[in-house]
Structure formats: structure tokens, C-alpha cells
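Below is work.csv, holding CSV, C-alpha atoms and all ligand atoms.
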chain,number,residue,atom,x,y,z
A,1067,MET,CA,247.7,111.1,277.6
A,1068,SER,CA,244.6,108.9,277.5
A,1069,SER,CA,243.1,110.6,280.5
A,1070,ARG,CA,243.7,114.0,278.8
A,1071,ARG,CA,241.9,112.6,275.7
A,1072,ASN,CA,239.0,111.4,277.8
A,1073,PHE,CA,238.8,114.8,279.5
A,1074,ILE,CA,238.6,116.5,276.1
A,1075,ARG,CA,235.9,114.0,274.9
A,1076,ARG,CA,233.8,114.6,278.0
A,1077,ALA,CA,234.2,118.4,277.7
A,1078,SER,CA,233.2,118.3,274.1
A,1079,ALA,CA,230.2,116.1,274.8
A,1080,ALA,CA,229.1,118.5,277.6
A,1081,ALA,CA,229.5,121.5,275.2
A,1082,VAL,CA,227.4,119.8,272.5
A,1083,THR,CA,224.7,119.0,275.1
A,1084,ALA,CA,224.6,122.5,276.4
A,1085,TRP,CA,224.5,123.9,272.8
A,1086,LEU,CA,221.6,121.6,271.9
A,1087,ALA,CA,219.7,122.6,275.0
A,1088,SER,CA,220.2,126.3,274.2
A,1089,GLN,CA,219.1,125.8,270.6
A,1090,TRP,CA,215.9,123.9,271.4
A,1091,SER,CA,214.9,125.7,274.6
A,1092,ARG,CA,212.7,122.9,275.6
A,1093,SER,CA,212.7,120.4,278.4
A,1094,ALA,CA,210.3,117.9,277.0
A,1095,ALA,CA,208.3,117.2,273.9
A,1096,THR,CA,205.3,118.7,275.6
A,1097,ASP,CA,207.2,121.9,276.5
A,1098,ILE,CA,208.0,123.4,273.2
A,1099,VAL,CA,208.6,127.1,273.3
A,1100,HIS,CA,206.4,128.7,270.6
A,1101,PRO,CA,207.7,132.1,269.6
A,1102,PRO,CA,205.2,134.9,269.8
A,1103,VAL,CA,203.7,136.0,266.5
A,1104,THR,CA,201.7,139.1,265.6
A,1105,ASP,CA,199.1,137.8,263.2
A,1106,GLY,CA,196.0,135.8,264.1
A,1107,ASP,CA,195.2,132.3,263.1
A,1108,ILE,CA,196.1,131.3,259.5
A,1109,VAL,CA,194.8,128.2,257.6
A,1110,LEU,CA,195.8,127.4,254.0
A,1111,SER,CA,194.9,124.4,251.9
A,1112,THR,CA,195.2,123.1,248.4
A,1113,TRP,CA,192.6,123.6,245.6
A,1114,PRO,CA,189.1,125.1,245.6
A,1115,ALA,CA,187.8,122.4,248.0
A,1116,GLY,CA,190.1,124.1,250.6
A,1117,ILE,CA,187.6,126.9,251.0
A,1118,ALA,CA,185.0,124.7,252.8
A,1119,ALA,CA,187.8,122.8,254.6
A,1120,ASN,CA,189.3,126.1,255.8
A,1121,ALA,CA,185.9,127.3,257.0
A,1122,ARG,CA,185.5,124.3,259.2
A,1123,ALA,CA,189.1,124.5,260.5
A,1124,MET,CA,188.7,128.2,261.3
A,1125,GLN,CA,185.5,127.4,263.2
A,1126,ILE,CA,187.4,125.0,265.4
A,1127,LEU,CA,190.1,127.6,266.1
A,1128,LYS,CA,187.5,130.2,266.9
A,1129,GLU,CA,186.1,127.9,269.4
A,1130,LYS,CA,189.6,127.6,270.9
A,1131,GLY,CA,190.0,124.0,269.7
A,1132,ARG,CA,193.5,122.6,269.2
A,1133,VAL,CA,195.1,123.4,265.9
A,1134,VAL,CA,195.5,119.6,265.2
A,1135,ASP,CA,191.7,119.2,265.6
A,1136,ALA,CA,191.2,122.1,263.2
A,1137,VAL,CA,193.2,120.6,260.4
A,1138,GLN,CA,191.7,117.2,260.9
A,1139,GLU,CA,188.1,118.4,260.9
A,1140,GLY,CA,188.9,120.7,258.0
A,1141,VAL,CA,190.1,118.0,255.6
A,1142,MET,CA,187.4,115.6,256.8
A,1143,VAL,CA,184.9,118.0,255.0
A,1144,THR,CA,186.7,117.1,251.7
A,1145,GLU,CA,186.9,113.4,252.6
A,1146,SER,CA,183.0,113.4,252.9
A,1147,ASP,CA,182.5,115.4,249.7
A,1148,ARG,CA,180.9,112.9,247.3
A,1149,THR,CA,181.7,115.1,244.3
A,1150,SER,CA,185.5,114.7,244.9
A,1151,THR,CA,187.1,112.3,242.6
A,1152,SER,CA,190.5,112.3,244.3
A,1153,VAL,CA,189.9,112.5,248.0
A,1154,GLY,CA,187.9,110.0,250.1
A,1155,LEU,CA,185.7,107.1,249.1
A,1156,SER,CA,184.3,108.8,246.1
A,1157,GLY,CA,187.8,109.0,244.6
A,1158,PHE,CA,188.7,107.2,241.4
A,1159,PRO,CA,189.9,103.6,242.0
A,1160,ASP,CA,193.2,101.9,241.1
A,1161,ARG,CA,193.4,99.9,237.9
A,1162,ASP,CA,191.9,96.9,239.6
A,1163,GLY,CA,188.9,98.8,240.9
A,1164,HIS,CA,189.9,99.4,244.5
A,1165,VAL,CA,189.6,102.8,246.1
A,1166,THR,CA,192.7,102.9,248.3
A,1167,LEU,CA,193.1,105.9,250.6
A,1168,ASP,CA,196.3,107.6,252.0
A,1169,ALA,CA,196.4,110.2,254.7
A,1170,CYS,CA,198.6,111.7,257.4
A,1171,ILE,CA,198.5,114.3,260.2
A,1172,MET,CA,201.0,116.2,262.3
A,1173,ASP,CA,200.4,118.1,265.5
A,1174,GLU,CA,201.8,121.1,267.3
A,1175,GLU,CA,204.5,119.0,268.9
A,1176,GLY,CA,205.7,117.4,265.6
A,1177,ASN,CA,204.0,114.1,266.4
A,1178,ALA,CA,202.9,112.2,263.3
A,1179,GLY,CA,200.3,109.6,262.2
A,1180,SER,CA,199.6,108.1,258.9
A,1181,VAL,CA,197.6,105.4,257.0
A,1182,THR,CA,198.3,104.1,253.6
A,1183,PHE,CA,196.5,101.8,251.2
A,1184,LEU,CA,193.4,101.9,253.3
A,1185,GLU,CA,190.1,100.7,251.9
A,1186,GLY,CA,186.4,101.2,252.9
A,1187,ILE,CA,186.9,103.9,255.6
A,1188,GLU,CA,185.3,107.3,255.1
A,1189,HIS,CA,187.9,109.3,257.1
A,1190,PRO,CA,191.4,108.0,256.7
A,1191,VAL,CA,192.8,111.2,258.3
A,1192,ALA,CA,190.9,110.4,261.5
A,1193,VAL,CA,192.5,106.9,261.5
A,1194,ALA,CA,195.9,108.5,261.0
A,1195,ARG,CA,195.1,110.7,264.0
A,1196,LEU,CA,194.4,107.6,266.2
A,1197,VAL,CA,197.6,106.0,265.0
A,1198,MET,CA,199.4,109.1,266.2
A,1199,ASP,CA,197.6,109.4,269.5
A,1200,ARG,CA,197.0,105.8,270.5
A,1201,THR,CA,199.8,103.6,269.1
A,1202,PRO,CA,203.6,103.6,269.4
A,1203,HIS,CA,203.7,103.8,265.6
A,1204,VAL,CA,203.6,106.4,262.9
A,1205,MET,CA,202.2,104.5,260.0
A,1206,LEU,CA,199.7,101.6,259.4
A,1207,SER,CA,199.0,100.2,256.0
A,1208,GLY,CA,196.4,98.2,254.1
A,1209,ASP,CA,194.5,95.4,256.0
A,1210,GLY,CA,196.3,96.3,259.2
A,1211,ALA,CA,195.2,99.9,259.0
A,1212,GLN,CA,191.6,98.8,258.3
A,1213,GLN,CA,191.7,96.3,261.2
A,1214,PHE,CA,192.9,99.1,263.5
A,1215,ALA,CA,190.1,101.4,262.2
A,1216,LEU,CA,187.4,98.8,262.8
A,1217,GLU,CA,188.7,98.0,266.3
A,1218,ASN,CA,188.5,101.7,267.1
A,1219,GLY,CA,184.9,102.3,266.1
A,1220,PHE,CA,185.1,103.1,262.4
A,1221,SER,CA,182.7,101.3,260.1
A,1222,LEU,CA,183.2,99.9,256.6
A,1223,LYS,CA,181.6,101.9,253.8
A,1224,LYS,CA,181.1,101.3,250.1
A,1225,GLY,CA,184.3,101.9,248.2
A,1226,MET,CA,183.4,103.1,244.7
A,1227,SER,CA,180.8,105.7,243.6
A,1228,GLU,CA,178.8,105.3,240.4
A,1229,GLN,CA,180.7,108.3,238.9
A,1230,ALA,CA,184.1,106.6,239.7
A,1231,ARG,CA,182.9,103.2,238.3
A,1232,ALA,CA,181.9,104.9,235.1
A,1233,ALA,CA,185.3,106.7,234.8
A,1234,TRP,CA,187.1,103.4,235.6
A,1235,GLU,CA,185.2,101.4,232.9
A,1236,LYS,CA,185.9,104.2,230.4
A,1237,TRP,CA,189.6,104.3,231.3
A,1238,LYS,CA,189.9,100.5,230.9
A,1239,SER,CA,188.3,100.5,227.5
A,1240,GLU,CA,190.4,103.4,226.3
A,1241,THR,CA,193.8,102.5,227.7
A,1242,GLY,CA,193.8,98.8,227.4
A,1243,TYR,CA,194.3,98.4,231.1
A,1244,LYS,CA,197.6,100.2,231.3
A,1245,PRO,CA,198.2,102.7,234.1
A,1246,VAL,CA,199.2,106.1,232.8
A,1247,ILE,CA,200.5,109.3,234.5
A,1248,ASN,CA,197.3,111.3,235.0
A,1249,LYS,CA,197.8,115.0,234.8
A,1250,ASP,CA,194.4,116.2,235.7
A,1251,ASN,CA,193.3,114.3,238.7
A,1252,HIS,CA,195.6,115.5,241.5
A,1253,ASP,CA,193.5,117.5,243.8
A,1254,THR,CA,194.7,116.0,247.1
A,1255,ILE,CA,193.8,118.2,250.0
A,1256,GLY,CA,196.8,119.3,252.0
A,1257,MET,CA,196.1,121.8,254.8
A,1258,ILE,CA,198.5,123.6,257.1
A,1259,ALA,CA,197.7,126.0,259.9
A,1260,ARG,CA,199.5,128.3,262.3
A,1261,THR,CA,197.7,129.8,265.3
A,1262,ALA,CA,198.1,133.2,266.7
A,1263,GLU,CA,200.1,131.6,269.5
A,1264,GLY,CA,202.5,130.2,266.9
A,1265,LYS,CA,201.4,126.6,267.0
A,1266,PHE,CA,201.4,124.6,263.7
A,1267,ALA,CA,199.6,121.5,262.5
A,1268,GLY,CA,198.9,119.9,259.1
A,1269,ALA,CA,196.9,117.2,257.4
A,1270,CYS,CA,196.9,115.6,254.0
A,1271,THR,CA,194.5,113.1,252.5
A,1272,THR,CA,193.9,111.6,249.0
A,1273,SER,CA,192.7,108.6,247.1
A,1274,GLY,CA,195.9,109.0,245.0
A,1275,THR,CA,196.4,109.2,241.4
A,1276,ALA,CA,193.5,107.7,239.4
A,1277,PHE,CA,193.9,104.1,238.0
A,1278,LYS,CA,197.3,103.6,239.7
A,1279,TYR,CA,198.8,100.2,240.1
A,1280,HIS,CA,197.2,98.2,242.9
A,1281,GLY,CA,199.4,98.8,246.0
A,1282,ARG,CA,200.8,102.2,244.8
A,1283,VAL,CA,201.2,104.8,247.5
A,1284,GLY,CA,202.0,108.4,246.7
A,1285,ASP,CA,203.4,111.3,248.7
A,1286,SER,CA,200.3,112.2,250.7
A,1287,PRO,CA,200.7,109.8,253.7
A,1288,ILE,CA,204.5,110.1,253.8
A,1289,ILE,CA,205.8,112.4,256.5
A,1290,GLY,CA,208.2,114.7,254.8
A,1291,ALA,CA,206.8,114.2,251.4
A,1292,GLY,CA,203.1,115.2,251.4
A,1293,LEU,CA,203.3,117.0,254.8
A,1294,PHE,CA,205.8,118.2,257.2
A,1295,VAL,CA,205.4,120.2,260.4
A,1296,ASP,CA,208.3,121.4,262.5
A,1297,PRO,CA,207.0,123.2,265.7
A,1298,MET,CA,210.0,125.5,265.7
A,1299,VAL,CA,210.1,126.4,262.0
A,1300,GLY,CA,206.8,126.0,260.1
A,1301,ALA,CA,204.8,123.6,257.9
A,1302,ALA,CA,204.5,122.6,254.3
A,1303,THR,CA,202.2,120.4,252.3
A,1304,ALA,CA,202.1,119.2,248.7
A,1305,THR,CA,199.7,118.2,245.9
A,1306,GLY,CA,200.3,116.7,242.5
A,1307,LEU,CA,202.1,113.8,241.2
A,1308,GLY,CA,203.3,111.9,244.3
A,1309,GLU,CA,206.2,110.2,242.7
A,1310,ALA,CA,207.8,113.6,241.9
A,1311,ILE,CA,207.3,114.8,245.4
A,1312,LEU,CA,208.6,111.6,247.0
A,1313,ARG,CA,211.8,111.8,245.0
A,1314,ILE,CA,212.8,115.1,246.6
A,1315,CYS,CA,211.2,114.6,250.1
A,1316,GLY,CA,209.3,117.7,249.1
A,1317,THR,CA,207.8,119.2,252.3
A,1318,HIS,CA,210.7,118.2,254.5
A,1319,SER,CA,213.1,119.9,252.1
A,1320,ILE,CA,210.9,123.1,252.2
A,1321,VAL,CA,210.8,123.2,256.0
A,1322,GLU,CA,214.6,122.6,256.2
A,1323,MET,CA,215.1,125.4,253.7
A,1324,MET,CA,213.0,127.7,255.8
A,1325,ARG,CA,215.1,126.7,258.8
A,1326,GLN,CA,218.1,127.9,256.9
A,1327,GLY,CA,216.5,131.3,256.3
A,1328,LEU,CA,214.6,131.0,253.1
A,1329,THR,CA,211.1,132.5,253.1
A,1330,PRO,CA,208.3,130.1,252.5
A,1331,GLN,CA,207.9,131.4,249.0
A,1332,GLN,CA,211.6,131.0,248.2
A,1333,ALA,CA,211.6,127.5,249.6
A,1334,CYS,CA,208.5,126.4,247.6
A,1335,VAL,CA,210.1,127.8,244.4
A,1336,GLU,CA,213.4,126.0,245.2
A,1337,ALA,CA,211.6,122.7,245.7
A,1338,ILE,CA,209.7,123.0,242.4
A,1339,LYS,CA,213.0,123.7,240.7
A,1340,ARG,CA,214.6,120.7,242.3
A,1341,ILE,CA,211.8,118.6,240.8
A,1342,THR,CA,212.7,119.8,237.4
A,1343,PHE,CA,216.2,118.5,237.9
A,1344,ARG,CA,215.1,115.1,239.2
A,1345,GLN,CA,212.0,114.3,237.2
A,1346,LYS,CA,211.6,113.5,233.5
A,1347,ASN,CA,208.7,115.0,231.5
A,1348,VAL,CA,208.1,117.9,233.8
A,1349,GLN,CA,205.9,119.5,231.2
A,1350,ASP,CA,203.5,116.6,231.6
A,1351,LEU,CA,202.8,116.7,235.3
A,1352,GLN,CA,201.7,119.0,238.0
A,1353,VAL,CA,203.1,119.5,241.5
A,1354,ALA,CA,202.4,122.3,243.9
A,1355,PHE,CA,203.6,123.2,247.4
A,1356,LEU,CA,202.2,125.4,250.2
A,1357,ALA,CA,204.3,126.5,253.2
A,1358,ILE,CA,204.0,128.8,256.2
A,1359,ASN,CA,206.6,130.0,258.7
A,1360,ARG,CA,206.5,131.3,262.3
A,1361,ASN,CA,205.9,134.9,261.2
A,1362,GLY,CA,202.8,133.8,259.2
A,1363,ASP,CA,204.6,134.4,255.9
A,1364,ILE,CA,203.1,132.1,253.2
A,1365,GLY,CA,204.6,130.3,250.2
A,1366,ALA,CA,202.7,128.8,247.3
A,1367,PHE,CA,204.2,127.7,244.0
A,1368,SER,CA,203.4,125.1,241.4
A,1369,LEU,CA,205.1,123.6,238.4
A,1370,GLN,CA,202.3,124.4,235.9
A,1371,LYS,CA,199.9,127.3,235.9
A,1372,GLY,CA,196.5,126.5,237.2
A,1373,PHE,CA,197.1,125.6,240.9
A,1374,GLN,CA,194.8,127.4,243.3
A,1375,TYR,CA,194.9,127.4,247.1
A,1376,ALA,CA,192.5,128.6,249.8
A,1377,LEU,CA,193.8,131.1,252.4
A,1378,ALA,CA,191.9,131.9,255.5
A,1379,LYS,CA,193.1,134.7,257.7
A,1380,GLU,CA,191.8,138.0,259.2
A,1381,GLY,CA,188.2,137.0,258.7
A,1382,ARG,CA,188.6,136.2,255.0
A,1383,ASN,CA,188.7,132.9,253.2
A,1384,GLU,CA,189.8,133.3,249.6
A,1385,LEU,CA,190.8,131.2,246.6
A,1386,ILE,CA,194.1,132.4,245.2
A,1387,ASP,CA,196.0,131.6,242.0
A,1388,ALA,CA,199.5,130.5,242.8
A,1389,PRO,CA,202.4,131.5,240.7
A,1390,ALA,CA,204.0,128.8,238.6
A,1391,LEU,CA,207.3,127.9,237.0
A,1392,PHE,CA,205.8,127.2,233.6
A,1393,GLN,CA,203.4,130.0,232.7
A,1394,GLY,CA,201.8,128.4,229.8
A,1395,GLU,CA,198.4,126.6,230.2
A,1396,LYS,CA,198.8,123.1,231.7
A,1397,LYS,CA,198.6,120.7,228.8
A,1401,LIG,N1,199.6,113.6,245.6
A,1401,LIG,C1,198.8,112.5,245.7
A,1401,LIG,C2,199.3,111.3,245.0
A,1401,LIG,O1,200.2,111.4,244.2
A,1401,LIG,O2,198.9,110.2,245.4

Before we go any further, please render this structure as C-alpha cells.
Amino acid sequence: MSSRRNFIRRASAAAVTAWLASQWSRSAATDIVHPPVTDGDIVLSTWPAGIAANARAMQILKEKGRVVDAVQEGVMVTESDRTSTSVGLSGFPDRDGHVTLDACIMDEEGNAGSVTFLEGIEHPVAVARLVMDRTPHVMLSGDGAQQFALENGFSLKKGMSEQARAAWEKWKSETGYKPVINKDNHDTIGMIARTAEGKFAGACTTSGTAFKYHGRVGDSPIIGAGLFVDPMVGAATATGLGEAILRICGTHSIVEMMRQGLTPQQACVEAIKRITFRQKNVQDLQVAFLAINRNGDIGAFSLQKGFQYALAKEGRNELIDAPALFQGEKK
């Protein structure tokens, strides 16, 4: 009896292994089968700053660079934009006057790297890339992330622009030093790309919500919240109030919904609806998602009207108004 049970167990295990092998059709992490696709390269990213970022990413792809290099270099354009108040070192500080940066990146094999709560480094996404490529880890945080960056050739830069300092001083005088949910300062850049060969990558980088508690980390550096890439399914990225995105593991949920057969648009809509079930005061905050699947179908949807994304494909790079759940003007 027991040998019969053992035989059945062994046979079941073998069947499961064979089934998994047939599902994944891959022999190693570096040997992922990318299904053929018909369109050319596609890059999409959040907000108007995505236009310049997309242009840089498309340039890399045109020069036959890796898609992960394209998304990294793309969002680095925004990280260096001194007019940005929510990405890079010119971003607004936390309530204690520290500019703390969060970023992550995923490559065409689904590898991931991330940094959180990083100060004084111009390109957190480049540090996240090194975490992915050169360490056994996925995420480094705070002083440790900064130490790793300095050990790898990055230099310390000034952490608060004059514009950000003025805004911080004004905020302190007006709010009595209490952090508030800020509705109008969430223009994180999230970028996702799919090449003509069907390879995906994504990157996401932010200084986080303005005047946050010191130590607060949002969705942007969290794999599955601000960004998720599945080499066999597609990619998604997020912008907006990180706490709302974290509560539903936003981008991972979207990619899983696409795996189950939803289009990217249906998946983005579903994720936004899920936020309305889980989050209080949804009229007072903004969240938006972008997604892309293997066919090159695109999803873009936001909670409030007003979210724009940049789409680069077929020689064009355009800013597009995304549909929203609440059609009234964002308060
Ligand atoms: N989505 C950016 C943040 O909440 O930090």
C-alpha cells in the first residue's frame, strides 16, 4: 500500500514537473522564449516628462541597445531635470528637509533592482541597476544604498534646490509641520517598454510625495507596486499616491490579470476600481497605471481626470490624455 502511494506521489511530481516545463518553455533564466510580435518597439511613460524620457529610450533601442538600458537611460533624463519637483534631487523634500529618492528597474529576464530612501545621488535608478546586476540582492535602502553607490563610483550631490527649499519653508509655515496627503505633486516617472522582439523592461523613479514623514517609502521602488515586468506576459507601472498603490500590489495585480486574459486596459481599469474598494477618500487622491502586453496592446487608466502619458511607437512620441474613473476635474 505504502509503495503504491509512493509510486502515485512520484508519478504526480513527475507530471507536475513536465507540465511546468511545457508551460514555461525555458531551460534557464537566460533562455526565455520571447513570442514573436508584429509591431516595432514601444515605449510608454507617465506624465509630460515622459516625452523627453521616451525620446532617449527610443534612441537607445534604435542603436540596438538592450531594452533595460533604454528604460534606465530614459528615466535618467527626468532624474536630471532640475525643473522636476518630484523626481531626482530637485524633488521636494520630506518634512524634515531631506530629499530621499526611491527607484527600481526590471530587465527582460524579470531580474529586479531597487533603492529606497537614498539621499544625495543624482541617478537612483542607475544605483538600482547596479544592485540588480552586481549584488545578490534586490533592494538596498538608506545609508547602505548610499554607501553602495559611493563604492561604485557615484558622487554625492546637493540634496535640495532653492525652489524646493522655498516650497518646504512655505509648507511648514502653512501646515504647522504636519504631513498631509498631497494631491498635486505625484509625477513619478514610470516607464515600460516592449521591443519588436517581444522583450520587456521597466523603470520607475521618484522623490516621493512632498513633505512626507522622514523614512516614508512609497510604491515606486517596490517591485510589484510601482513596477512589474513578467517576461512572458508584459509590464505595468504606476504613478500617484504610493500608499494606495501599495495596498493592492498594483502593478503585480495588473500583470497577473493580463496573464489571466484581461487586456492591459481592462487590467488597469480593474486595478483602479480595486483601489476604490480599499482606500478611503478616493476623491482626494490620484493614482494612474500604464500597462503593455506581448501583442503591444496598451493600457492607461487613472482615478481622476488629468493623467497624461507619453507613448512612443512607429516614429511618433505623443502625449495622450488617459481615461479616468472620475470624469470631473481633479479637486
Ligand atoms: N508614487 C510615488 C510615491 O507615492 O512615492

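Proximity of A:His1318, A:Arg1340, A:Lys1278, A:Lys1371 to ligand LIG 1401 (chain A), computed with all atoms listed in the file, is greatest for A:Lys1278.
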
- Collect all residues with atoms no farther than 6 Å from ligand LIG 1401 (chain A), counting all atoms listed in the file, and output them as a ChimeraX atom specification. /A:1254,1272,1274-1275,1284-1286,1305-1308

- Message: Can you measure atom CA of Asp1135 of chain A to atom CA of Ser1156 of chain A for me? One decimal in Å is fine.
- Response: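 About the pair atom CA of Asp1135 of chain A and atom CA of Ser1156 of chain A: they are 23.3 Å apart.
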
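Closest approach to Ala1302 of chain A among A:Leu1385, A:Ala1390, A:Val1321, A:Ala1118: A:Val1321, based on only C-alpha atoms.
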
- Query: atom CA of Val1353 of chain A to atom CA of Met1172 of chain A: how many Å, to one decimal?
  - Reply: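 A separation of 21.2 Å between them.
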
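Residues lying within 6 Å of Cys1334 of chain A, counting all atoms listed in the file and ignoring same-chain neighbours fewer than 3 positions away, are Gln1331, Ala1337, Phe1355 and Phe1367 of chain A.
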
- Find the residue from A:Gly1186, A:Gly1157, A:Gly1394, A:Gly1242 that sits nearest to Lys1223 of chain A; use only C-alpha atoms when measuring.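 Nearest to Lys1223 of chain A: A:Gly1186.
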
- Item | Residue neighbourhood Asp1147 of chain A, 10 Å, all atoms listed in the file, exclusion window fewer than 6 positions, as a list in words | Ala1115, Val1141, Val1153, Gly1154, Leu1155, Ser1156 and Gly1157 of chain A

- Between atom CA of Ala1192 of chain A and atom CA of Glu1129 of chain A, what is the spacing in Å?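 Going from atom CA of Glu1129 of chain A over to atom CA of Ala1192 of chain A covers 19.8 Å.
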
- Within 12 Å of (207.8, 112.6, 233.9) (coordinates as in the file), grab all the protein and nucleic acid residues, counting all atoms listed in the file, and write them out as a ChimeraX atom specification. /A:1246-1249,1307-1311,1313,1341-1353

Residues as selected, C-alpha atoms, written as a tab-separated table (two decimals), in the frame of the given file, can you do that?
chain	number	residue	atom	x	y	z
A	1246	VAL	CA	199.20	106.10	232.80
A	1247	ILE	CA	200.50	109.30	234.50
A	1248	ASN	CA	197.30	111.30	235.00
A	1249	LYS	CA	197.80	115.00	234.80
A	1307	LEU	CA	202.10	113.80	241.20
A	1308	GLY	CA	203.30	111.90	244.30
A	1309	GLU	CA	206.20	110.20	242.70
A	1310	ALA	CA	207.80	113.60	241.90
A	1311	ILE	CA	207.30	114.80	245.40
A	1313	ARG	CA	211.80	111.80	245.00
A	1341	ILE	CA	211.80	118.60	240.80
A	1342	THR	CA	212.70	119.80	237.40
A	1343	PHE	CA	216.20	118.50	237.90
A	1344	ARG	CA	215.10	115.10	239.20
A	1345	GLN	CA	212.00	114.30	237.20
A	1346	LYS	CA	211.60	113.50	233.50
A	1347	ASN	CA	208.70	115.00	231.50
A	1348	VAL	CA	208.10	117.90	233.80
A	1349	GLN	CA	205.90	119.50	231.20
A	1350	ASP	CA	203.50	116.60	231.60
A	1351	LEU	CA	202.80	116.70	235.30
A	1352	GLN	CA	201.70	119.00	238.00
A	1353	VAL	CA	203.10	119.50	241.50

- Asn1120 of chain A: which residues within 9 Å, counting all atoms listed in the file, same-chain residues fewer than 4 positions away excluded, as JSON, numbers by chain? {"A": [1109, 1110, 1111, 1115, 1116, 1124, 1125, 1136, 1137, 1140, 1141, 1257, 1376, 1377, 1378, 1383]}

Using C-alpha atoms, can you write the selected residues to a file as a tab-separated table (two decimals), in the frame of the given file?
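What ended up in out04.tsv:
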chain	number	residue	atom	x	y	z
A	1109	VAL	CA	194.80	128.20	257.60
A	1110	LEU	CA	195.80	127.40	254.00
A	1111	SER	CA	194.90	124.40	251.90
A	1115	ALA	CA	187.80	122.40	248.00
A	1116	GLY	CA	190.10	124.10	250.60
A	1124	MET	CA	188.70	128.20	261.30
A	1125	GLN	CA	185.50	127.40	263.20
A	1136	ALA	CA	191.20	122.10	263.20
A	1137	VAL	CA	193.20	120.60	260.40
A	1140	GLY	CA	188.90	120.70	258.00
A	1141	VAL	CA	190.10	118.00	255.60
A	1257	MET	CA	196.10	121.80	254.80
A	1376	ALA	CA	192.50	128.60	249.80
A	1377	LEU	CA	193.80	131.10	252.40
A	1378	ALA	CA	191.90	131.90	255.50
A	1383	ASN	CA	188.70	132.90	253.20

- Message: Ranking A:Thr1182, A:Gln1370, A:Thr1151, A:Gln1393 by minimum distance to Arg1231 of chain A and counting all atoms listed in the file, which one comes first?
- Response: A:Thr1151

- Task: Within 6 Å of (202.4, 117.3, 262.6) (coordinates as in the file), grab all the protein and nucleic acid residues, counting all atoms listed in the file, and write them out as a PyMOL selection string.
- Result: chain A and resi 1171-1173+1176-1178+1267-1268+1295

- Distance criterion (only C-alpha atoms): nearest to Ile1364 of chain A out of A:Thr1303, A:Ser1146, A:Gln1326, A:Ser1221: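 Checking each candidate against Ile1364 of chain A, we get A:Thr1303 as the closest.
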
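Of the listed residues (A:Thr1112, A:Thr1329, A:Ser1207, A:Ser1227), A:Ser1227 comes nearest to Thr1149 of chain A; the distances count only C-alpha atoms.
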
- Task: Show which residues sit within 6 Å of Ala1169 of chain A, as a ChimeraX atom specification. Count all atoms listed in the file, and ignore same-chain residues fewer than 3 positions away.
- Result: /A:1180-1181,1190-1191,1270-1271,1286-1287
